[in-house]
$ cat my_file-v5.cif   # mmCIF, C-alpha atoms and all ligand atoms
data_input
#
loop_
_atom_site.label_atom_id
_atom_site.label_comp_id
_atom_site.auth_asym_id
_atom_site.auth_seq_id
_atom_site.Cartn_x
_atom_site.Cartn_y
_atom_site.Cartn_z
CA MET A 604 73.67 89.98 116.18
CA ASN A 605 72.69 87.56 118.89
CA ASP A 606 73.95 87.89 122.47
CA ILE A 607 77.03 86.43 124.07
CA PRO A 608 76.19 82.77 124.79
CA SER A 609 75.86 81.87 128.47
CA ASN A 610 78.70 80.03 130.19
CA ASP A 611 76.48 76.93 130.43
CA GLN A 612 75.84 77.00 126.70
CA ILE A 613 79.56 77.46 126.05
CA GLN A 614 80.54 74.58 128.34
CA THR A 615 78.05 72.25 126.64
CA ALA A 616 79.34 73.28 123.22
CA LEU A 617 82.92 72.68 124.40
CA ASP A 618 82.10 69.22 125.74
CA ASN A 619 80.28 68.28 122.53
CA ALA A 620 83.12 69.62 120.38
CA TYR A 621 85.67 67.70 122.45
CA ALA A 622 83.76 64.40 122.15
CA TYR A 623 83.34 64.94 118.41
CA ALA A 624 86.93 66.01 117.71
CA LYS A 625 88.24 62.92 119.53
CA THR A 626 86.64 60.79 116.80
CA VAL A 627 88.12 62.82 113.92
CA GLN A 628 91.04 61.03 112.31
CA GLY A 629 93.87 62.08 110.03
CA GLY A 630 96.79 64.44 109.89
CA LYS A 631 100.42 64.17 110.93
CA ASN A 632 102.61 66.12 113.35
CA ALA A 633 104.87 68.65 111.65
CA SER A 634 108.23 66.98 111.03
CA TYR A 635 110.25 69.67 109.25
CA ILE A 636 110.97 70.97 112.76
CA PRO A 637 112.29 67.70 114.28
CA ALA A 638 111.22 68.44 117.89
CA LEU A 639 107.58 68.89 116.82
CA ALA A 640 107.49 65.34 115.47
CA GLN A 641 108.21 64.07 119.02
CA VAL A 642 105.14 65.67 120.64
CA PRO A 643 102.40 63.11 121.56
CA SER A 644 99.84 63.15 118.74
CA ASP A 645 96.83 62.32 120.89
CA LEU A 646 96.80 65.54 122.95
CA LEU A 647 93.55 67.46 122.58
CA ALA A 648 92.37 70.62 124.29
CA ILE A 649 89.81 73.35 123.69
CA ALA A 650 89.20 76.61 125.56
CA VAL A 651 86.94 79.63 125.34
CA VAL A 652 87.49 83.03 126.94
CA THR A 653 84.56 85.46 126.80
CA VAL A 654 84.77 89.24 126.64
CA ASN A 655 83.78 89.12 130.33
CA GLY A 656 87.04 87.30 131.02
CA ASP A 657 85.44 83.93 131.85
CA LEU A 658 87.46 80.82 130.94
CA LEU A 659 85.86 77.49 130.02
CA THR A 660 87.82 74.45 128.89
CA ALA A 661 87.70 70.81 127.78
CA GLY A 662 90.69 68.45 127.70
CA SER A 663 94.29 69.26 128.59
CA ALA A 664 93.98 73.03 128.28
CA ASP A 665 97.00 73.65 130.57
CA THR A 666 99.46 71.66 128.46
CA PRO A 667 102.04 74.00 126.90
CA PHE A 668 102.91 73.76 123.21
CA ALA A 669 104.85 75.83 120.67
CA ILE A 670 102.84 78.83 119.45
CA GLU A 671 104.61 78.84 116.03
CA SER A 672 102.77 80.85 113.34
CA ILE A 673 100.03 81.99 115.71
CA SER A 674 102.63 84.38 117.13
CA LYS A 675 102.54 86.28 113.82
CA ALA A 676 99.01 87.52 114.56
CA PHE A 677 100.12 89.12 117.84
CA ASN A 678 103.50 90.55 116.91
CA LEU A 679 101.60 92.23 114.09
CA ALA A 680 99.57 94.13 116.69
CA TYR A 681 102.72 95.53 118.26
CA VAL A 682 104.19 96.71 114.97
CA MET A 683 100.90 98.11 113.67
CA ASP A 684 100.54 100.12 116.87
CA LEU A 685 104.17 101.23 116.55
CA ILE A 686 104.25 102.47 112.95
CA GLY A 687 100.56 102.61 111.97
CA MET A 688 98.60 100.57 109.46
CA LYS A 689 99.24 102.93 106.52
CA GLN A 690 103.00 102.85 106.92
CA LEU A 691 102.97 99.08 107.47
CA ARG A 692 101.04 98.55 104.23
CA THR A 693 103.81 100.23 102.23
CA LYS A 694 106.21 97.59 103.55
CA ILE A 695 104.02 94.50 103.76
CA GLY A 696 100.95 93.72 101.65
CA ALA A 697 97.56 92.40 102.79
CA ASP A 698 96.61 89.76 100.23
CA PRO A 699 96.70 85.97 100.36
CA THR A 700 99.59 84.33 98.51
CA GLY A 701 97.71 81.17 97.52
CA GLU A 702 101.01 79.44 98.24
CA PRO A 703 102.42 77.57 101.25
CA PHE A 704 103.43 79.75 104.22
CA ASN A 705 107.14 79.61 103.38
CA SER A 706 106.85 80.22 99.65
CA VAL A 707 109.73 81.96 97.87
CA MET A 708 107.79 82.08 94.62
CA ALA A 709 105.17 84.36 96.22
CA ILE A 710 107.95 86.87 96.92
CA GLU A 711 109.48 86.61 93.48
CA LEU A 712 106.13 87.07 91.75
CA HIS A 713 105.45 90.33 93.57
CA GLY A 714 108.59 92.40 93.16
CA GLY A 715 110.16 91.15 96.36
CA LYS A 716 107.44 92.57 98.62
CA PRO A 717 106.00 90.16 101.19
CA LEU A 718 102.32 89.71 100.31
CA ASN A 719 100.97 89.64 103.87
CA PRO A 720 102.15 89.61 107.51
CA LEU A 721 100.99 86.04 108.22
CA VAL A 722 103.31 84.17 105.85
CA ASN A 723 106.89 83.62 106.98
CA ALA A 724 108.25 86.38 104.71
CA GLY A 725 105.81 89.02 105.96
CA ALA A 726 106.10 87.88 109.57
CA MET A 727 109.89 88.10 109.54
CA ALA A 728 109.65 91.53 107.88
CA THR A 729 107.26 92.49 110.70
CA VAL A 730 109.80 91.38 113.30
CA SER A 731 112.42 93.45 111.46
CA LEU A 732 110.29 96.54 112.21
CA VAL A 733 110.23 96.06 116.00
CA ASN A 734 112.08 98.89 117.76
CA GLY A 735 115.23 98.35 119.82
CA SER A 736 118.94 98.98 119.45
CA ASP A 737 120.03 95.35 119.81
CA SER A 738 118.61 91.85 119.92
CA ASP A 739 117.94 91.98 123.69
CA GLU A 740 116.05 95.23 123.48
CA ILE A 741 113.96 94.08 120.50
CA TRP A 742 113.14 90.80 122.26
CA ALA A 743 112.17 92.68 125.42
CA ASN A 744 109.65 94.70 123.39
CA MET A 745 108.30 91.62 121.64
CA ILE A 746 107.89 89.48 124.76
CA HIS A 747 106.33 92.37 126.68
CA ASN A 748 103.64 92.53 124.00
CA PHE A 749 103.02 88.76 124.11
CA ASN A 750 102.86 88.81 127.90
CA ASN A 751 100.27 91.60 127.80
CA PHE A 752 98.05 89.55 125.49
CA ALA A 753 98.46 86.35 127.56
CA ASN A 754 98.43 88.16 130.93
CA THR A 755 101.33 86.01 132.12
CA ALA A 756 105.10 85.74 131.66
CA LEU A 757 105.54 83.40 128.68
CA THR A 758 108.72 81.38 128.22
CA VAL A 759 110.58 79.98 125.23
CA ASN A 760 110.48 76.21 124.70
CA GLN A 761 114.24 75.69 124.47
CA GLU A 762 114.00 72.29 122.80
CA ILE A 763 111.81 73.61 119.97
CA TYR A 764 113.93 76.77 119.67
CA LYS A 765 117.14 74.77 119.28
CA SER A 766 115.54 72.30 116.90
CA GLU A 767 114.04 75.04 114.73
CA SER A 768 117.23 77.15 114.82
CA ALA A 769 119.23 74.19 113.53
CA THR A 770 116.85 73.57 110.63
CA ASN A 771 115.60 77.02 109.55
CA GLN A 772 117.87 77.53 106.54
CA HIS A 773 114.84 78.15 104.34
CA ASN A 774 113.66 81.04 106.53
CA ARG A 775 117.19 82.46 106.56
CA GLY A 776 117.10 82.36 102.76
CA ILE A 777 113.76 84.19 102.70
CA ALA A 778 115.08 86.93 105.01
CA TRP A 779 118.13 87.56 102.83
CA LEU A 780 115.95 87.55 99.72
CA LEU A 781 113.66 90.23 101.21
CA ASP A 782 116.73 92.18 102.26
CA SER A 783 118.04 92.05 98.70
CA TYR A 784 114.78 93.63 97.49
CA GLY A 785 114.78 96.35 100.17
CA TYR A 786 111.84 94.88 102.10
CA PHE A 787 113.70 93.99 105.31
CA TYR A 788 114.43 96.56 108.00
CA ASN A 789 117.13 95.02 110.20
CA THR A 790 119.95 92.47 110.01
CA PRO A 791 118.58 89.18 108.62
CA PRO A 792 120.40 86.66 110.89
CA MET A 793 119.42 88.53 114.07
CA ILE A 794 115.80 88.89 112.97
CA VAL A 795 115.45 85.25 111.90
CA ASP A 796 116.72 84.29 115.35
CA LEU A 797 114.15 86.54 117.06
CA TYR A 798 111.39 85.24 114.79
CA THR A 799 112.38 81.64 115.61
CA ARG A 800 112.35 82.45 119.32
CA MET A 801 108.91 84.01 119.01
CA CYS A 802 107.62 80.89 117.21
CA SER A 803 109.07 78.72 120.01
CA LEU A 804 107.12 80.44 122.79
CA ASN A 805 105.22 77.99 124.97
CA ILE A 806 101.52 78.66 125.22
CA THR A 807 98.62 76.72 126.70
CA THR A 808 95.21 76.42 125.07
CA SER A 809 93.68 78.52 127.88
CA GLN A 810 96.29 81.25 127.44
CA LEU A 811 95.78 81.24 123.69
CA ALA A 812 92.03 81.72 124.10
CA LEU A 813 92.73 84.73 126.33
CA MET A 814 95.11 86.19 123.73
CA GLY A 815 92.36 85.87 121.13
CA ALA A 816 89.80 87.33 123.54
CA CYS A 817 91.80 90.58 123.56
CA TYR A 818 90.88 90.91 119.87
CA ALA A 819 87.26 89.89 120.56
CA ASN A 820 87.15 92.64 123.19
CA GLY A 821 88.27 95.50 120.92
CA GLY A 822 91.92 95.34 121.93
CA VAL A 823 91.51 95.30 125.71
CA ASN A 824 92.58 92.23 127.68
CA PRO A 825 89.32 91.10 129.34
CA VAL A 826 91.15 89.78 132.42
CA SER A 827 93.84 92.41 133.13
CA LYS A 828 91.65 95.18 131.59
CA LYS A 829 94.81 96.60 129.97
CA ARG A 830 94.66 97.85 126.39
CA VAL A 831 97.02 95.63 124.37
CA VAL A 832 96.37 96.95 120.85
CA LYS A 833 94.84 100.17 119.54
CA ASP A 834 91.13 99.95 118.86
CA GLU A 835 91.62 101.10 115.25
CA ASN A 836 94.06 98.27 114.52
CA VAL A 837 91.81 95.41 115.58
CA PRO A 838 89.62 95.36 112.42
CA PRO A 839 92.51 95.24 109.91
CA ILE A 840 94.26 92.51 111.89
CA LEU A 841 91.08 90.41 112.04
CA ALA A 842 90.52 91.06 108.32
CA GLU A 843 94.01 89.73 107.70
CA LEU A 844 93.21 86.58 109.72
CA CYS A 845 90.09 86.09 107.56
CA MET A 846 92.24 86.15 104.44
CA SER A 847 95.37 84.27 105.43
CA GLY A 848 95.04 82.86 108.96
CA LEU A 849 95.10 79.21 107.88
CA TYR A 850 97.68 79.56 105.13
CA ASN A 851 96.61 78.41 101.68
CA SER A 852 93.50 76.69 103.01
CA THR A 853 92.01 79.79 104.67
CA GLY A 854 89.19 79.77 102.11
CA ASP A 855 88.13 76.27 103.16
CA TRP A 856 88.14 77.37 106.80
CA MET A 857 86.17 80.56 106.09
CA TYR A 858 83.49 78.68 104.13
CA LYS A 859 82.90 76.40 107.09
CA ALA A 860 83.68 78.61 110.08
CA GLY A 861 83.12 82.25 109.07
CA LEU A 862 85.43 83.60 111.78
CA PRO A 863 88.93 85.12 111.70
CA ALA A 864 91.43 82.55 112.96
CA LYS A 865 95.13 81.75 113.09
CA SER A 866 96.85 78.38 113.16
CA GLY A 867 100.39 77.22 113.87
CA VAL A 868 102.34 74.09 112.95
CA GLY A 869 102.63 73.29 116.67
CA GLY A 870 98.96 72.23 116.43
CA GLY A 871 97.35 75.35 117.92
CA LEU A 872 94.43 77.30 116.48
CA VAL A 873 92.65 80.42 117.76
CA ALA A 874 89.43 81.93 116.39
CA VAL A 875 87.82 85.25 117.30
CA ALA A 876 84.09 86.01 117.51
CA PRO A 877 84.17 89.86 117.78
CA GLY A 878 82.29 91.31 120.72
CA LYS A 879 81.68 87.87 122.21
CA LEU A 880 84.55 85.48 122.80
CA ALA A 881 87.62 83.75 121.45
CA MET A 882 88.22 80.04 121.29
CA ALA A 883 91.40 78.03 121.00
CA ALA A 884 92.18 74.41 120.26
CA TYR A 885 95.28 72.26 120.38
CA SER A 886 95.99 68.93 118.70
CA PRO A 887 99.32 68.27 116.94
CA PRO A 888 98.35 66.31 113.77
CA LEU A 889 98.15 68.70 110.79
CA ASP A 890 96.49 68.71 107.37
CA PRO A 891 98.67 69.18 104.26
CA ALA A 892 98.50 73.00 104.55
CA GLY A 893 99.78 72.84 108.17
CA ASN A 894 96.57 73.28 110.17
CA THR A 895 95.47 71.15 113.13
CA VAL A 896 92.89 68.63 111.92
CA LYS A 897 91.08 67.97 115.20
CA GLY A 898 91.41 71.62 116.24
CA GLN A 899 89.56 72.82 113.14
CA ALA A 900 86.85 70.21 113.68
CA ALA A 901 86.45 71.20 117.33
CA LEU A 902 86.19 74.94 116.70
CA GLN A 903 83.82 74.48 113.75
CA SER A 904 81.58 72.40 116.01
CA ILE A 905 81.47 75.18 118.64
CA ILE A 906 80.84 77.87 116.01
CA LYS A 907 77.91 75.90 114.65
CA GLU A 908 76.39 75.07 118.01
CA LEU A 909 76.67 78.64 119.31
CA ASN A 910 75.76 80.22 115.96
CA LEU A 911 78.93 82.35 115.84
CA ASN A 912 79.54 82.53 112.08
CA LEU A 913 80.07 86.26 111.39
CA PHE A 914 78.28 86.14 108.08
CA ARG A 915 74.95 84.90 109.41
CA SER A 916 72.44 87.62 110.08
N1 LIG B 1001 108.25 78.69 112.87
C1 LIG B 1001 107.54 78.08 111.79
C2 LIG B 1001 108.26 78.36 110.48
O1 LIG B 1001 108.84 79.41 110.35
C3 LIG B 1001 106.16 78.62 111.77
C4 LIG B 1001 105.38 78.14 110.60
C5 LIG B 1001 103.96 77.84 110.91
O2 LIG B 1001 103.51 77.64 112.03
N2 LIG B 1001 103.23 77.72 109.84
O3 LIG B 1001 108.23 77.57 109.58
#

$ encode --input "my_file-v5.cif" --output "structure tokens"
Amino acid sequence: MNDIPSNDQIQTALDNAYAYAKTVQGGKNASYIPALAQVPSDLLAIAVVTVNGDLLTAGSADTPFAIESISKAFNLAYVMDLIGMKQLRTKIGADPTGEPFNSVMAIELHGGKPLNPLVNAGAMATVSLVNGSDSDEIWANMIHNFNNFANTALTVNQEIYKSESATNQHNRGIAWLLDSYGYFYNTPPMIVDLYTRMCSLNITTSQLALMGACYANGGVNPVSKKRVVKDENVPPILAELCMSGLYNSTGDWMYKAGLPAKSGVGGGLVAVAPGKLAMAAYSPPLDPAGNTVKGQAALQSIIKELNLNLFRS
């Protein structure tokens, strides 16, 4: 393995990636959540946080956006720490569905068990495993975990939350379906609400890079120095990101990037180079699978320039 790149090398790679990604065309804002369609499409930001806790950025890295599916990768840490990987695997699988992130068919084809924690079914089942006697207590546990990763007090984007709550009938259907098969561990309407709230958290590109850097740093936040996830749970979570982090186009991403990553339909993307750094990108237009087009281009450019592909010796 080569060393952690210097901050100068990282900044140059960020500037090059930013200039390149600006020229990349294509994609459309998510529109199935109406408020996401209203976000300016030309926003672009990239950030890196190293395992030393250094932050480097290009573009509007302090602009908040909805975390959406990226939240799944961090709530998973909380629940895996809570009940253990073995127990979690009896409730939620680990394999890619090959289907869109909100597929019902993937559930039906596998005896009602959610195939992995990064699709909507598995992520809602994961939320249903968070401890707490009522909605407030469960949310307090969830947000505490997110705040530890981001090292700040995150807030819910109320506009996105309302918009998504008014249009999430499909997710409500999935939750009831899992419940009918015995793969849901709390009341579906309450859990779908908490899941929707979690997806509506505002995050900036800089904050997202820090969240990823906790994984790069073996589960310890490199800025606060607090442990945010057990050491033993970092590898399985990153393995999961390698298999399903970019929905049903994760294979395309892995061929080009060779790093665990997670995207969200808000336009965010975070990738982890273990032992070195994490990088995040934000740009709202998405490819057909739901991944940021410019964000993927930007991070692939950095990975190439800094030689971060995990599978290169
Ligand atoms: N909240 C979104 C949903 O449930 C998250 C999906 C995503 O980012 N892929 O559809």

$ residues_around --input "my_file-v5.cif" --residues "stretch 733-735 of chain A" --least-positions-apart "4" --cutoff "9 Å" --atoms "all atoms listed in the file" --output "ChimeraX atom specification"
/A:678,681-682,685,729,739-745

$ residues_near_ligand --input "my_file-v5.cif" --ligand "ligand LIG 1001 (chain B)" --cutoff "7 Å" --atoms "all atoms listed in the file" --output "list of chain:residue names"
A:Glu671, A:Ser672, A:Ile673, A:Phe704, A:Asn705, A:Asn723, A:Asn774, A:Thr799, A:Cys802, A:Ser866, A:Gly867, A:Val868, A:Gly869, A:Gly893

$ residues_around --input "my_file-v5.cif" --residues "A:Asp698" --least-positions-apart "2" --cutoff "8 Å" --atoms "all atoms listed in the file" --output "number ranges by chain"
A: 696, 700, 718-719, 843, 846-847

$ closest_residue --input "my_file-v5.cif" --among "A:Val896, A:Ala709, A:Val873, A:Leu844" --to "A:Gly630" --atoms "all atoms listed in the file"
A:Val896

$ residues_around --input "my_file-v5.cif" --residues "A:Val759" --least-positions-apart "6" --cutoff "9 Å" --atoms "all atoms listed in the file" --output "PyMOL selection string"
chain A and resi 669+800-805

$ closest_residue --input "my_file-v5.cif" --among "A:Ser827, A:Asn836, A:Thr770, A:Ser663" --to "A:Ala680" --atoms "all atoms listed in the file"
A:Asn836

$ closest_atom_pairs --input "my_file-v5.cif" --of "stretch 630-692 of chain A" --to "stretch 884-892 of chain A" --cutoff "12 Å" --atoms "all atoms listed in the file" --output "JSON lines"
{"residue": "A:Gly630", "atom": "CA", "partner": "A:Leu889", "partner_atom": "CA", "distance": 4.6}
{"residue": "A:Lys631", "atom": "CA", "partner": "A:Pro888", "partner_atom": "CA", "distance": 4.1}
{"residue": "A:Asn632", "atom": "CA", "partner": "A:Pro888", "partner_atom": "CA", "distance": 4.3}
{"residue": "A:Ala633", "atom": "CA", "partner": "A:Leu889", "partner_atom": "CA", "distance": 6.8}
{"residue": "A:Ser634", "atom": "CA", "partner": "A:Leu889", "partner_atom": "CA", "distance": 10.2}
{"residue": "A:Ala638", "atom": "CA", "partner": "A:Pro887", "partner_atom": "CA", "distance": 11.9}
{"residue": "A:Leu639", "atom": "CA", "partner": "A:Pro887", "partner_atom": "CA", "distance": 8.3}
{"residue": "A:Ala640", "atom": "CA", "partner": "A:Pro887", "partner_atom": "CA", "distance": 8.8}
{"residue": "A:Gln641", "atom": "CA", "partner": "A:Pro887", "partner_atom": "CA", "distance": 10.0}
{"residue": "A:Val642", "atom": "CA", "partner": "A:Pro887", "partner_atom": "CA", "distance": 7.4}
{"residue": "A:Pro643", "atom": "CA", "partner": "A:Pro887", "partner_atom": "CA", "distance": 7.6}
{"residue": "A:Ser644", "atom": "CA", "partner": "A:Pro887", "partner_atom": "CA", "distance": 5.5}
{"residue": "A:Asp645", "atom": "CA", "partner": "A:Ser886", "partner_atom": "CA", "distance": 7.0}
{"residue": "A:Leu646", "atom": "CA", "partner": "A:Ser886", "partner_atom": "CA", "distance": 5.5}
{"residue": "A:Leu647", "atom": "CA", "partner": "A:Ser886", "partner_atom": "CA", "distance": 4.8}
{"residue": "A:Ala648", "atom": "CA", "partner": "A:Tyr885", "partner_atom": "CA", "distance": 5.1}
{"residue": "A:Ile649", "atom": "CA", "partner": "A:Ala884", "partner_atom": "CA", "distance": 4.3}
{"residue": "A:Ala650", "atom": "CA", "partner": "A:Ala884", "partner_atom": "CA", "distance": 6.5}
{"residue": "A:Val651", "atom": "CA", "partner": "A:Ala884", "partner_atom": "CA", "distance": 9.0}
{"residue": "A:Val652", "atom": "CA", "partner": "A:Ala884", "partner_atom": "CA", "distance": 11.9}
{"residue": "A:Thr660", "atom": "CA", "partner": "A:Ala884", "partner_atom": "CA", "distance": 9.7}
{"residue": "A:Ala661", "atom": "CA", "partner": "A:Ala884", "partner_atom": "CA", "distance": 9.5}
{"residue": "A:Gly662", "atom": "CA", "partner": "A:Tyr885", "partner_atom": "CA", "distance": 9.4}
{"residue": "A:Ser663", "atom": "CA", "partner": "A:Tyr885", "partner_atom": "CA", "distance": 8.8}
{"residue": "A:Ala664", "atom": "CA", "partner": "A:Tyr885", "partner_atom": "CA", "distance": 8.0}
{"residue": "A:Asp665", "atom": "CA", "partner": "A:Tyr885", "partner_atom": "CA", "distance": 10.4}
{"residue": "A:Thr666", "atom": "CA", "partner": "A:Tyr885", "partner_atom": "CA", "distance": 9.1}
{"residue": "A:Pro667", "atom": "CA", "partner": "A:Tyr885", "partner_atom": "CA", "distance": 9.6}
{"residue": "A:Phe668", "atom": "CA", "partner": "A:Tyr885", "partner_atom": "CA", "distance": 8.3}
{"residue": "A:Ala669", "atom": "CA", "partner": "A:Pro887", "partner_atom": "CA", "distance": 10.1}
{"residue": "A:Ile670", "atom": "CA", "partner": "A:Tyr885", "partner_atom": "CA", "distance": 10.1}
{"residue": "A:Glu671", "atom": "CA", "partner": "A:Pro887", "partner_atom": "CA", "distance": 11.9}
{"residue": "A:Ile673", "atom": "CA", "partner": "A:Tyr885", "partner_atom": "CA", "distance": 11.8}

$ closest_residue --input "my_file-v5.cif" --among "A:Leu721, A:Ala900, A:Val627, A:Ile710" --to "A:Lys865" --atoms "all atoms listed in the file"
A:Leu721

$ atom_distance --input "my_file-v5.cif" --atom1 "atom CA of A:Lys765" --atom2 "atom CA of A:Lys675"
19.4 Å

$ decode --input "my_file-v5.cif" --residues "stretch 709-726 of chain A" --atoms "N, CA, C and O atoms" --output "PDB file, in the first residue's frame"
ATOM      1  N   ALA A 709     -37.632  -7.849  -5.373  1.00  0.00           N
ATOM      2  CA  ALA A 709     -36.459  -8.412  -4.687  1.00  0.00           C
ATOM      3  C   ALA A 709     -36.870  -9.038  -3.348  1.00  0.00           C
ATOM      4  O   ALA A 709     -36.277 -10.021  -2.907  1.00  0.00           O
ATOM      5  N   ILE A 710     -37.885  -8.472  -2.722  1.00  0.00           N
ATOM      6  CA  ILE A 710     -38.368  -9.025  -1.441  1.00  0.00           C
ATOM      7  C   ILE A 710     -39.136 -10.325  -1.709  1.00  0.00           C
ATOM      8  O   ILE A 710     -38.908 -11.352  -1.069  1.00  0.00           O
ATOM      9  N   GLU A 711     -40.020 -10.238  -2.683  1.00  0.00           N
ATOM     10  CA  GLU A 711     -40.869 -11.396  -2.990  1.00  0.00           C
ATOM     11  C   GLU A 711     -40.053 -12.608  -3.439  1.00  0.00           C
ATOM     12  O   GLU A 711     -40.403 -13.748  -3.150  1.00  0.00           O
ATOM     13  N   LEU A 712     -38.971 -12.351  -4.154  1.00  0.00           N
ATOM     14  CA  LEU A 712     -38.159 -13.457  -4.680  1.00  0.00           C
ATOM     15  C   LEU A 712     -37.315 -14.133  -3.602  1.00  0.00           C
ATOM     16  O   LEU A 712     -36.723 -15.174  -3.853  1.00  0.00           O
ATOM     17  N   HIS A 713     -37.251 -13.521  -2.424  1.00  0.00           N
ATOM     18  CA  HIS A 713     -36.354 -14.069  -1.395  1.00  0.00           C
ATOM     19  C   HIS A 713     -37.075 -14.312  -0.070  1.00  0.00           C
ATOM     20  O   HIS A 713     -36.557 -14.007   1.002  1.00  0.00           O
ATOM     21  N   GLY A 714     -38.265 -14.821  -0.166  1.00  0.00           N
ATOM     22  CA  GLY A 714     -39.005 -15.245   1.023  1.00  0.00           C
ATOM     23  C   GLY A 714     -39.336 -14.125   1.984  1.00  0.00           C
ATOM     24  O   GLY A 714     -39.526 -14.360   3.175  1.00  0.00           O
ATOM     25  N   GLY A 715     -39.366 -12.899   1.464  1.00  0.00           N
ATOM     26  CA  GLY A 715     -39.775 -11.777   2.305  1.00  0.00           C
ATOM     27  C   GLY A 715     -38.634 -11.179   3.107  1.00  0.00           C
ATOM     28  O   GLY A 715     -38.821 -10.207   3.841  1.00  0.00           O
ATOM     29  N   LYS A 716     -37.425 -11.708   2.956  1.00  0.00           N
ATOM     30  CA  LYS A 716     -36.285 -11.182   3.719  1.00  0.00           C
ATOM     31  C   LYS A 716     -35.586 -10.091   2.898  1.00  0.00           C
ATOM     32  O   LYS A 716     -35.290 -10.315   1.722  1.00  0.00           O
ATOM     33  N   PRO A 717     -35.347  -8.934   3.523  1.00  0.00           N
ATOM     34  CA  PRO A 717     -34.644  -7.890   2.766  1.00  0.00           C
ATOM     35  C   PRO A 717     -33.227  -8.369   2.428  1.00  0.00           C
ATOM     36  O   PRO A 717     -32.535  -8.898   3.284  1.00  0.00           O
ATOM     37  N   LEU A 718     -32.824  -8.188   1.175  1.00  0.00           N
ATOM     38  CA  LEU A 718     -31.551  -8.767   0.724  1.00  0.00           C
ATOM     39  C   LEU A 718     -30.334  -8.080   1.320  1.00  0.00           C
ATOM     40  O   LEU A 718     -29.309  -8.708   1.532  1.00  0.00           O
ATOM     41  N   ASN A 719     -30.410  -6.781   1.539  1.00  0.00           N
ATOM     42  CA  ASN A 719     -29.248  -6.091   2.136  1.00  0.00           C
ATOM     43  C   ASN A 719     -29.703  -4.789   2.804  1.00  0.00           C
ATOM     44  O   ASN A 719     -30.792  -4.296   2.531  1.00  0.00           O
ATOM     45  N   PRO A 720     -28.854  -4.234   3.684  1.00  0.00           N
ATOM     46  CA  PRO A 720     -29.281  -3.058   4.472  1.00  0.00           C
ATOM     47  C   PRO A 720     -29.229  -1.731   3.713  1.00  0.00           C
ATOM     48  O   PRO A 720     -29.564  -0.701   4.280  1.00  0.00           O
ATOM     49  N   LEU A 721     -28.818  -1.761   2.433  1.00  0.00           N
ATOM     50  CA  LEU A 721     -28.673  -0.493   1.705  1.00  0.00           C
ATOM     51  C   LEU A 721     -29.817  -0.235   0.725  1.00  0.00           C
ATOM     52  O   LEU A 721     -29.893   0.832   0.124  1.00  0.00           O
ATOM     53  N   VAL A 722     -30.685  -1.225   0.507  1.00  0.00           N
ATOM     54  CA  VAL A 722     -31.904  -0.947  -0.254  1.00  0.00           C
ATOM     55  C   VAL A 722     -32.968  -0.463   0.734  1.00  0.00           C
ATOM     56  O   VAL A 722     -32.817  -0.649   1.948  1.00  0.00           O
ATOM     57  N   ASN A 723     -34.025   0.150   0.211  1.00  0.00           N
ATOM     58  CA  ASN A 723     -35.024   0.728   1.115  1.00  0.00           C
ATOM     59  C   ASN A 723     -35.574  -0.301   2.104  1.00  0.00           C
ATOM     60  O   ASN A 723     -35.730  -0.011   3.295  1.00  0.00           O
ATOM     61  N   ALA A 724     -35.861  -1.525   1.602  1.00  0.00           N
ATOM     62  CA  ALA A 724     -36.433  -2.553   2.475  1.00  0.00           C
ATOM     63  C   ALA A 724     -35.491  -2.830   3.655  1.00  0.00           C
ATOM     64  O   ALA A 724     -35.899  -2.767   4.823  1.00  0.00           O
ATOM     65  N   GLY A 725     -34.238  -3.120   3.340  1.00  0.00           N
ATOM     66  CA  GLY A 725     -33.276  -3.460   4.391  1.00  0.00           C
ATOM     67  C   GLY A 725     -32.981  -2.279   5.301  1.00  0.00           C
ATOM     68  O   GLY A 725     -32.749  -2.453   6.503  1.00  0.00           O
ATOM     69  N   ALA A 726     -32.985  -1.085   4.731  1.00  0.00           N
ATOM     70  CA  ALA A 726     -32.694   0.101   5.547  1.00  0.00           C
ATOM     71  C   ALA A 726     -33.840   0.397   6.510  1.00  0.00           C
ATOM     72  O   ALA A 726     -33.601   0.766   7.664  1.00  0.00           O
TER      73      ALA A 726
END
